[in-house]
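So this block is protein.cif, mmCIF, N, CA and C atoms:
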data_run
loop_
_atom_site.group_PDB
_atom_site.id
_atom_site.type_symbol
_atom_site.label_atom_id
_atom_site.label_comp_id
_atom_site.auth_asym_id
_atom_site.auth_seq_id
_atom_site.Cartn_x
_atom_site.Cartn_y
_atom_site.Cartn_z
ATOM 1 N N MET A 29 97.938 126.897 95.785
ATOM 2 C CA MET A 29 96.583 126.584 96.209
ATOM 3 C C MET A 29 96.198 125.190 95.716
ATOM 4 N N SER A 30 95.626 124.398 96.570
ATOM 5 C CA SER A 30 95.281 123.020 96.263
ATOM 6 C C SER A 30 93.972 122.944 95.494
ATOM 7 N N ASP A 31 93.937 122.059 94.553
ATOM 8 C CA ASP A 31 92.739 121.802 93.771
ATOM 9 C C ASP A 31 91.724 121.061 94.638
ATOM 10 N N LYS A 32 90.430 121.331 94.460
ATOM 11 C CA LYS A 32 89.385 120.699 95.255
ATOM 12 C C LYS A 32 89.429 119.182 95.111
ATOM 13 N N ASN A 33 89.668 118.669 93.893
ATOM 14 C CA ASN A 33 89.718 117.222 93.689
ATOM 15 C C ASN A 33 90.869 116.592 94.463
ATOM 16 N N ASP A 34 92.020 117.269 94.550
ATOM 17 C CA ASP A 34 93.133 116.766 95.348
ATOM 18 C C ASP A 34 92.723 116.637 96.810
ATOM 19 N N TYR A 35 92.001 117.626 97.304
ATOM 20 C CA TYR A 35 91.544 117.620 98.693
ATOM 21 C C TYR A 35 90.602 116.439 98.934
ATOM 22 N N GLU A 36 89.657 116.226 98.004
ATOM 23 C CA GLU A 36 88.693 115.143 98.171
ATOM 24 C C GLU A 36 89.379 113.781 98.150
ATOM 25 N N ILE A 37 90.349 113.582 97.263
ATOM 26 C CA ILE A 37 91.048 112.309 97.179
ATOM 27 C C ILE A 37 91.851 112.054 98.449
ATOM 28 N N LYS A 38 92.530 113.052 98.955
ATOM 29 C CA LYS A 38 93.339 112.883 100.167
ATOM 30 C C LYS A 38 92.486 112.549 101.386
ATOM 31 N N ASN A 39 91.241 112.999 101.394
ATOM 32 C CA ASN A 39 90.390 112.791 102.556
ATOM 33 C C ASN A 39 89.465 111.591 102.429
ATOM 34 N N LYS A 40 89.547 110.848 101.345
ATOM 35 C CA LYS A 40 88.743 109.645 101.209
ATOM 36 C C LYS A 40 89.383 108.507 101.991
ATOM 37 N N ARG A 41 88.543 107.607 102.433
ATOM 38 C CA ARG A 41 89.041 106.390 103.064
ATOM 39 C C ARG A 41 89.622 105.510 101.967
ATOM 40 N N TRP A 42 90.555 104.628 102.327
ATOM 41 C CA TRP A 42 91.250 103.821 101.327
ATOM 42 C C TRP A 42 90.277 103.034 100.469
ATOM 43 N N TYR A 43 89.176 102.585 101.026
ATOM 44 C CA TYR A 43 88.244 101.765 100.253
ATOM 45 C C TYR A 43 87.261 102.581 99.417
ATOM 46 N N ASP A 44 87.243 103.887 99.592
ATOM 47 C CA ASP A 44 86.343 104.728 98.806
ATOM 48 C C ASP A 44 86.918 105.105 97.444
ATOM 49 N N LEU A 45 88.158 104.737 97.179
ATOM 50 C CA LEU A 45 88.777 105.098 95.911
ATOM 51 C C LEU A 45 88.328 104.200 94.769
ATOM 52 N N ASP A 46 87.650 103.105 95.067
ATOM 53 C CA ASP A 46 87.109 102.215 94.046
ATOM 54 C C ASP A 46 85.668 101.879 94.423
ATOM 55 N N PRO A 47 84.711 102.037 93.498
ATOM 56 C CA PRO A 47 83.304 101.826 93.851
ATOM 57 C C PRO A 47 82.971 100.387 94.268
ATOM 58 N N THR A 48 83.614 99.402 93.674
ATOM 59 C CA THR A 48 83.333 98.008 94.033
ATOM 60 C C THR A 48 83.822 97.705 95.442
ATOM 61 N N ILE A 49 85.021 98.147 95.749
ATOM 62 C CA ILE A 49 85.584 97.930 97.083
ATOM 63 C C ILE A 49 84.765 98.692 98.122
ATOM 64 N N SER A 50 84.384 99.897 97.785
ATOM 65 C CA SER A 50 83.566 100.708 98.695
ATOM 66 C C SER A 50 82.230 100.029 98.985
ATOM 67 N N LEU A 51 81.585 99.479 97.946
ATOM 68 C CA LEU A 51 80.308 98.788 98.135
ATOM 69 C C LEU A 51 80.495 97.565 99.029
ATOM 70 N N ALA A 52 81.547 96.801 98.785
ATOM 71 C CA ALA A 52 81.797 95.609 99.600
ATOM 72 C C ALA A 52 81.965 95.970 101.069
ATOM 73 N N VAL A 53 82.748 96.996 101.342
ATOM 74 C CA VAL A 53 82.984 97.408 102.734
ATOM 75 C C VAL A 53 81.692 97.944 103.357
ATOM 76 N N ASN A 54 80.927 98.696 102.591
ATOM 77 C CA ASN A 54 79.665 99.234 103.102
ATOM 78 C C ASN A 54 78.682 98.115 103.431
ATOM 79 N N LEU A 55 78.554 97.146 102.532
ATOM 80 C CA LEU A 55 77.665 96.012 102.807
ATOM 81 C C LEU A 55 78.147 95.228 104.023
ATOM 82 N N LEU A 56 79.443 95.044 104.121
ATOM 83 C CA LEU A 56 80.016 94.337 105.260
ATOM 84 C C LEU A 56 79.724 95.079 106.560
ATOM 85 N N GLU A 57 79.920 96.378 106.542
ATOM 86 C CA GLU A 57 79.681 97.188 107.748
ATOM 87 C C GLU A 57 78.254 97.034 108.259
ATOM 88 N N HIS A 58 77.304 96.901 107.358
ATOM 89 C CA HIS A 58 75.895 96.859 107.744
ATOM 90 C C HIS A 58 75.329 95.440 107.802
ATOM 91 N N SER A 59 76.200 94.444 107.821
ATOM 92 C CA SER A 59 75.775 93.044 107.898
ATOM 93 C C SER A 59 75.634 92.604 109.346
ATOM 94 N N SER A 60 75.030 91.439 109.493
ATOM 95 C CA SER A 60 74.902 90.853 110.831
ATOM 96 C C SER A 60 76.281 90.465 111.348
ATOM 97 N N ASP A 61 76.378 90.288 112.650
ATOM 98 C CA ASP A 61 77.652 89.908 113.254
ATOM 99 C C ASP A 61 78.158 88.572 112.715
ATOM 100 N N SER A 62 77.242 87.630 112.474
ATOM 101 C CA SER A 62 77.682 86.328 111.970
ATOM 102 C C SER A 62 78.263 86.444 110.563
ATOM 103 N N VAL A 63 77.663 87.269 109.721
ATOM 104 C CA VAL A 63 78.193 87.488 108.371
ATOM 105 C C VAL A 63 79.536 88.199 108.462
ATOM 106 N N LYS A 64 79.636 89.193 109.319
ATOM 107 C CA LYS A 64 80.900 89.914 109.497
ATOM 108 C C LYS A 64 82.023 88.963 109.890
ATOM 109 N N MET A 65 81.761 88.067 110.821
ATOM 110 C CA MET A 65 82.810 87.153 111.281
ATOM 111 C C MET A 65 83.189 86.153 110.194
ATOM 112 N N TYR A 66 82.201 85.657 109.455
ATOM 113 C CA TYR A 66 82.500 84.735 108.365
ATOM 114 C C TYR A 66 83.407 85.416 107.339
ATOM 115 N N ILE A 67 83.050 86.631 106.950
ATOM 116 C CA ILE A 67 83.820 87.353 105.941
ATOM 117 C C ILE A 67 85.171 87.783 106.493
ATOM 118 N N ALA A 68 85.227 88.179 107.742
ATOM 119 C CA ALA A 68 86.511 88.553 108.346
ATOM 120 C C ALA A 68 87.483 87.382 108.282
ATOM 121 N N ASN A 69 87.020 86.211 108.653
ATOM 122 C CA ASN A 69 87.874 85.021 108.590
ATOM 123 C C ASN A 69 88.287 84.709 107.157
ATOM 124 N N TYR A 70 87.370 84.884 106.222
ATOM 125 C CA TYR A 70 87.664 84.630 104.816
ATOM 126 C C TYR A 70 88.722 85.604 104.292
ATOM 127 N N ILE A 71 88.583 86.882 104.610
ATOM 128 C CA ILE A 71 89.559 87.884 104.173
ATOM 129 C C ILE A 71 90.946 87.555 104.725
ATOM 130 N N ILE A 72 91.005 87.238 106.006
ATOM 131 C CA ILE A 72 92.283 86.925 106.642
ATOM 132 C C ILE A 72 92.928 85.708 105.974
ATOM 133 N N GLU A 73 92.145 84.657 105.772
ATOM 134 C CA GLU A 73 92.661 83.441 105.153
ATOM 135 C C GLU A 73 93.163 83.709 103.730
ATOM 136 N N GLU A 74 92.363 84.407 102.936
ATOM 137 C CA GLU A 74 92.744 84.688 101.555
ATOM 138 C C GLU A 74 93.983 85.582 101.484
ATOM 139 N N ALA A 75 94.043 86.574 102.332
ATOM 140 C CA ALA A 75 95.200 87.482 102.334
ATOM 141 C C ALA A 75 96.465 86.729 102.719
ATOM 142 N N ARG A 76 96.381 85.905 103.756
ATOM 143 C CA ARG A 76 97.545 85.120 104.177
ATOM 144 C C ARG A 76 97.964 84.133 103.093
ATOM 145 N N ASN A 77 96.987 83.507 102.429
ATOM 146 C CA ASN A 77 97.292 82.571 101.348
ATOM 147 C C ASN A 77 98.008 83.251 100.191
ATOM 148 N N ARG A 78 97.814 84.539 100.070
ATOM 149 C CA ARG A 78 98.459 85.308 99.002
ATOM 150 C C ARG A 78 99.739 85.994 99.490
ATOM 151 N N GLY A 79 100.179 85.649 100.689
ATOM 152 C CA GLY A 79 101.451 86.132 101.191
ATOM 153 C C GLY A 79 101.415 87.436 101.966
ATOM 154 N N ALA A 80 100.227 87.952 102.260
ATOM 155 C CA ALA A 80 100.133 89.205 103.022
ATOM 156 C C ALA A 80 100.552 88.962 104.464
ATOM 157 N N LYS A 81 101.264 89.919 105.016
ATOM 158 C CA LYS A 81 101.703 89.845 106.412
ATOM 159 C C LYS A 81 101.422 91.184 107.087
ATOM 160 N N LEU A 82 100.733 91.107 108.205
ATOM 161 C CA LEU A 82 100.458 92.320 108.980
ATOM 162 C C LEU A 82 101.612 92.608 109.919
ATOM 163 N N LYS A 83 101.800 93.872 110.189
ATOM 164 C CA LYS A 83 102.826 94.287 111.144
ATOM 165 C C LYS A 83 102.158 94.929 112.348
ATOM 166 N N ILE A 84 101.401 94.119 113.057
ATOM 167 C CA ILE A 84 100.789 94.579 114.301
ATOM 168 C C ILE A 84 101.668 94.032 115.409
ATOM 169 N N ASP A 85 102.468 94.898 115.990
ATOM 170 C CA ASP A 85 103.466 94.462 116.952
ATOM 171 C C ASP A 85 102.886 93.959 118.262
ATOM 172 N N ASN A 86 101.855 94.601 118.727
ATOM 173 C CA ASN A 86 101.364 94.251 120.049
ATOM 174 C C ASN A 86 99.854 94.092 120.018
ATOM 175 N N LYS A 87 99.383 92.936 119.554
ATOM 176 C CA LYS A 87 97.947 92.703 119.465
ATOM 177 C C LYS A 87 97.288 92.719 120.837
ATOM 178 N N GLU A 88 98.046 92.415 121.889
ATOM 179 C CA GLU A 88 97.467 92.410 123.231
ATOM 180 C C GLU A 88 97.014 93.809 123.660
ATOM 181 N N SER A 89 97.638 94.817 123.093
ATOM 182 C CA SER A 89 97.260 96.173 123.478
ATOM 183 C C SER A 89 96.178 96.742 122.561
ATOM 184 N N PHE A 90 95.517 95.856 121.805
ATOM 185 C CA PHE A 90 94.419 96.284 120.946
ATOM 186 C C PHE A 90 93.407 97.077 121.769
ATOM 187 N N ASN A 91 93.001 98.204 121.236
ATOM 188 C CA ASN A 91 92.135 99.112 121.977
ATOM 189 C C ASN A 91 90.725 99.071 121.405
ATOM 190 N N TYR A 92 89.780 98.608 122.186
ATOM 191 C CA TYR A 92 88.394 98.519 121.728
ATOM 192 C C TYR A 92 87.672 99.862 121.751
ATOM 193 N N LEU A 93 88.356 100.910 122.104
ATOM 194 C CA LEU A 93 87.706 102.214 122.205
ATOM 195 C C LEU A 93 87.920 103.080 120.971
ATOM 196 N N TRP A 94 88.473 102.525 119.910
ATOM 197 C CA TRP A 94 88.639 103.298 118.690
ATOM 198 C C TRP A 94 87.267 103.604 118.109
ATOM 199 N N LYS A 95 87.233 104.451 117.110
ATOM 200 C CA LYS A 95 85.949 104.959 116.662
ATOM 201 C C LYS A 95 85.416 104.358 115.361
ATOM 202 N N ARG A 96 86.243 103.645 114.593
ATOM 203 C CA ARG A 96 85.763 103.079 113.339
ATOM 204 C C ARG A 96 84.947 101.821 113.622
ATOM 205 N N TRP A 97 83.979 101.520 112.751
ATOM 206 C CA TRP A 97 83.110 100.365 112.976
ATOM 207 C C TRP A 97 83.914 99.073 113.097
ATOM 208 N N GLN A 98 84.975 98.927 112.315
ATOM 209 C CA GLN A 98 85.743 97.684 112.324
ATOM 210 C C GLN A 98 86.636 97.543 113.548
ATOM 211 N N ASP A 99 86.765 98.590 114.320
ATOM 212 C CA ASP A 99 87.626 98.554 115.498
ATOM 213 C C ASP A 99 86.926 97.977 116.730
ATOM 214 N N LYS A 100 85.645 97.666 116.605
ATOM 215 C CA LYS A 100 84.903 97.149 117.758
ATOM 216 C C LYS A 100 85.212 95.687 118.040
ATOM 217 N N ASP A 101 85.828 95.021 117.070
ATOM 218 C CA ASP A 101 86.140 93.611 117.216
ATOM 219 C C ASP A 101 87.540 93.364 116.668
ATOM 220 N N GLU A 102 88.361 92.662 117.416
ATOM 221 C CA GLU A 102 89.753 92.448 117.015
ATOM 222 C C GLU A 102 89.867 91.677 115.703
ATOM 223 N N LYS A 103 89.008 90.675 115.489
ATOM 224 C CA LYS A 103 89.048 89.882 114.259
ATOM 225 C C LYS A 103 88.687 90.758 113.050
ATOM 226 N N MET A 104 87.675 91.597 113.197
ATOM 227 C CA MET A 104 87.281 92.475 112.086
ATOM 228 C C MET A 104 88.359 93.524 111.822
ATOM 229 N N PHE A 105 88.946 94.029 112.883
ATOM 230 C CA PHE A 105 90.053 94.972 112.738
ATOM 231 C C PHE A 105 91.176 94.331 111.927
ATOM 232 N N GLU A 106 91.546 93.104 112.301
ATOM 233 C CA GLU A 106 92.619 92.394 111.602
ATOM 234 C C GLU A 106 92.250 92.166 110.136
ATOM 235 N N ALA A 107 91.021 91.751 109.879
ATOM 236 C CA ALA A 107 90.577 91.500 108.509
ATOM 237 C C ALA A 107 90.653 92.760 107.656
ATOM 238 N N MET A 108 90.216 93.870 108.211
ATOM 239 C CA MET A 108 90.238 95.119 107.440
ATOM 240 C C MET A 108 91.660 95.611 107.211
ATOM 241 N N GLU A 109 92.553 95.330 108.156
ATOM 242 C CA GLU A 109 93.951 95.683 107.953
ATOM 243 C C GLU A 109 94.552 94.836 106.831
ATOM 244 N N TYR A 110 94.222 93.564 106.800
ATOM 245 C CA TYR A 110 94.663 92.713 105.692
ATOM 246 C C TYR A 110 94.068 93.190 104.371
ATOM 247 N N PHE A 111 92.792 93.487 104.396
ATOM 248 C CA PHE A 111 92.095 93.941 103.188
ATOM 249 C C PHE A 111 92.756 95.204 102.637
ATOM 250 N N LYS A 112 93.175 96.064 103.534
ATOM 251 C CA LYS A 112 93.808 97.316 103.130
ATOM 252 C C LYS A 112 95.157 97.082 102.448
ATOM 253 N N ILE A 113 95.937 96.094 102.911
ATOM 254 C CA ILE A 113 97.303 95.945 102.407
ATOM 255 C C ILE A 113 97.447 95.022 101.198
ATOM 256 N N ILE A 114 96.415 94.227 100.887
ATOM 257 C CA ILE A 114 96.563 93.327 99.741
ATOM 258 C C ILE A 114 96.553 94.128 98.442
ATOM 259 N N ASP A 115 97.086 93.508 97.390
ATOM 260 C CA ASP A 115 97.170 94.213 96.110
ATOM 261 C C ASP A 115 95.774 94.501 95.555
ATOM 262 N N PHE A 116 95.713 95.469 94.656
ATOM 263 C CA PHE A 116 94.436 95.959 94.152
ATOM 264 C C PHE A 116 93.610 94.854 93.493
ATOM 265 N N ASP A 117 94.230 94.023 92.665
ATOM 266 C CA ASP A 117 93.476 92.977 91.965
ATOM 267 C C ASP A 117 92.850 91.988 92.945
ATOM 268 N N THR A 118 93.584 91.610 93.957
ATOM 269 C CA THR A 118 93.048 90.712 94.980
ATOM 270 C C THR A 118 91.935 91.399 95.755
ATOM 271 N N LYS A 119 92.144 92.666 96.077
ATOM 272 C CA LYS A 119 91.128 93.442 96.797
ATOM 273 C C LYS A 119 89.836 93.510 95.989
ATOM 274 N N LYS A 120 89.976 93.732 94.693
ATOM 275 C CA LYS A 120 88.806 93.820 93.810
ATOM 276 C C LYS A 120 88.094 92.469 93.744
ATOM 277 N N GLN A 121 88.857 91.382 93.573
ATOM 278 C CA GLN A 121 88.266 90.042 93.513
ATOM 279 C C GLN A 121 87.557 89.695 94.816
ATOM 280 N N LEU A 122 88.204 89.940 95.945
ATOM 281 C CA LEU A 122 87.565 89.672 97.235
ATOM 282 C C LEU A 122 86.312 90.527 97.418
ATOM 283 N N SER A 123 86.356 91.758 96.940
ATOM 284 C CA SER A 123 85.188 92.644 97.033
ATOM 285 C C SER A 123 84.004 92.044 96.284
ATOM 286 N N LEU A 124 84.244 91.543 95.085
ATOM 287 C CA LEU A 124 83.169 90.924 94.304
ATOM 288 C C LEU A 124 82.619 89.694 95.028
ATOM 289 N N GLU A 125 83.498 88.910 95.637
ATOM 290 C CA GLU A 125 83.057 87.733 96.388
ATOM 291 C C GLU A 125 82.273 88.126 97.634
ATOM 292 N N ILE A 126 82.704 89.168 98.317
ATOM 293 C CA ILE A 126 81.993 89.658 99.503
ATOM 294 C C ILE A 126 80.596 90.145 99.119
ATOM 295 N N ILE A 127 80.512 90.919 98.063
ATOM 296 C CA ILE A 127 79.214 91.440 97.602
ATOM 297 C C ILE A 127 78.284 90.279 97.270
ATOM 298 N N GLU A 128 78.787 89.303 96.520
ATOM 299 C CA GLU A 128 77.963 88.150 96.140
ATOM 300 C C GLU A 128 77.511 87.368 97.370
ATOM 301 N N TYR A 129 78.422 87.119 98.303
ATOM 302 C CA TYR A 129 78.073 86.365 99.505
ATOM 303 C C TYR A 129 76.981 87.084 100.302
ATOM 304 N N ILE A 130 77.158 88.374 100.523
ATOM 305 C CA ILE A 130 76.190 89.129 101.330
ATOM 306 C C ILE A 130 74.843 89.188 100.630
ATOM 307 N N ARG A 131 74.838 89.434 99.340
ATOM 308 C CA ARG A 131 73.555 89.493 98.605
ATOM 309 C C ARG A 131 72.860 88.136 98.627
ATOM 310 N N ASN A 132 73.597 87.045 98.438
ATOM 311 C CA ASN A 132 72.991 85.709 98.503
ATOM 312 C C ASN A 132 72.461 85.419 99.890
ATOM 313 N N TYR A 133 73.202 85.818 100.914
ATOM 314 C CA TYR A 133 72.785 85.630 102.298
ATOM 315 C C TYR A 133 71.491 86.403 102.572
ATOM 316 N N GLN A 134 71.441 87.644 102.113
ATOM 317 C CA GLN A 134 70.256 88.482 102.332
ATOM 318 C C GLN A 134 69.044 87.916 101.600
ATOM 319 N N ASN A 135 69.266 87.387 100.385
ATOM 320 C CA ASN A 135 68.157 86.849 99.589
ATOM 321 C C ASN A 135 67.557 85.590 100.222
ATOM 322 N N LYS A 136 68.332 84.867 101.023
ATOM 323 C CA LYS A 136 67.801 83.671 101.698
ATOM 324 C C LYS A 136 66.674 84.026 102.661
ATOM 325 N N PHE A 137 66.712 85.247 103.183
ATOM 326 C CA PHE A 137 65.759 85.640 104.213
ATOM 327 C C PHE A 137 64.650 86.557 103.716
ATOM 328 N N LYS A 138 64.529 86.674 102.405
ATOM 329 C CA LYS A 138 63.452 87.517 101.849
ATOM 330 C C LYS A 138 62.195 86.730 101.635
#

Could I get this structure in the form of structure tokens?
Amino acid sequence: MSDKNDYEIKNKRWYDLDPTISLAVNLLEHSSDSVKMYIANYIIEEARNRGAKLKIDNKESFNYLWKRWQDKDEKMFEAMEYFKIIDFDTKKQLSLEIIEYIRNYQNKFK
């Protein structure tokens, strides 16, 4: 019989396993399109600079009908795939930068 905590961990999204990463993704999800695109480009650039390589064989067959929020745009999809595969320390650092950027952006309009 499986322990309840094992069940909860297996069913969490990859970014929910760390509170900082989860907050960054949540703030990103609820940001304006312009902020999303800026951060998507930043994630992709930083991940590539650190040697990350995606294995998306056929980007032309990208399907806009998927159900996750990041799947509505190919650039955001790519950024989140990079974010998922980078090492934990880089993911944590980028998360802190994303949180700071979004909070500073939001404070400009208060």

For the PyMOL selection byres (((chain A and resi 121-134 and name CA) around 12) and name CA), applied here, can you spell out every residue it catches as a PyMOL selection string?
chain A and resi 43+46-60+62-64+66-75+78+107-108+110-112+114-120+135-138

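In this model, the gap between atom CA of A:Lys83 and atom CA of A:Phe105 comes to 12.9 Å.
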
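One finds atom CA of A:Asn77 at 14.0 Å from atom C of A:Glu106.
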
Quick one, how far is atom N of A:Glu109 from atom CA of A:Arg76?
12.0 Å

Quick check for you: according to DSSP on this backbone, which residues of stretch 42-126 of chain A are classed as helix (DSSP H, G or I)? Reply as a PyMOL selection string.
chain A and resi 42-45+47-57+61-77+87-89+97-100+102-113+116-126
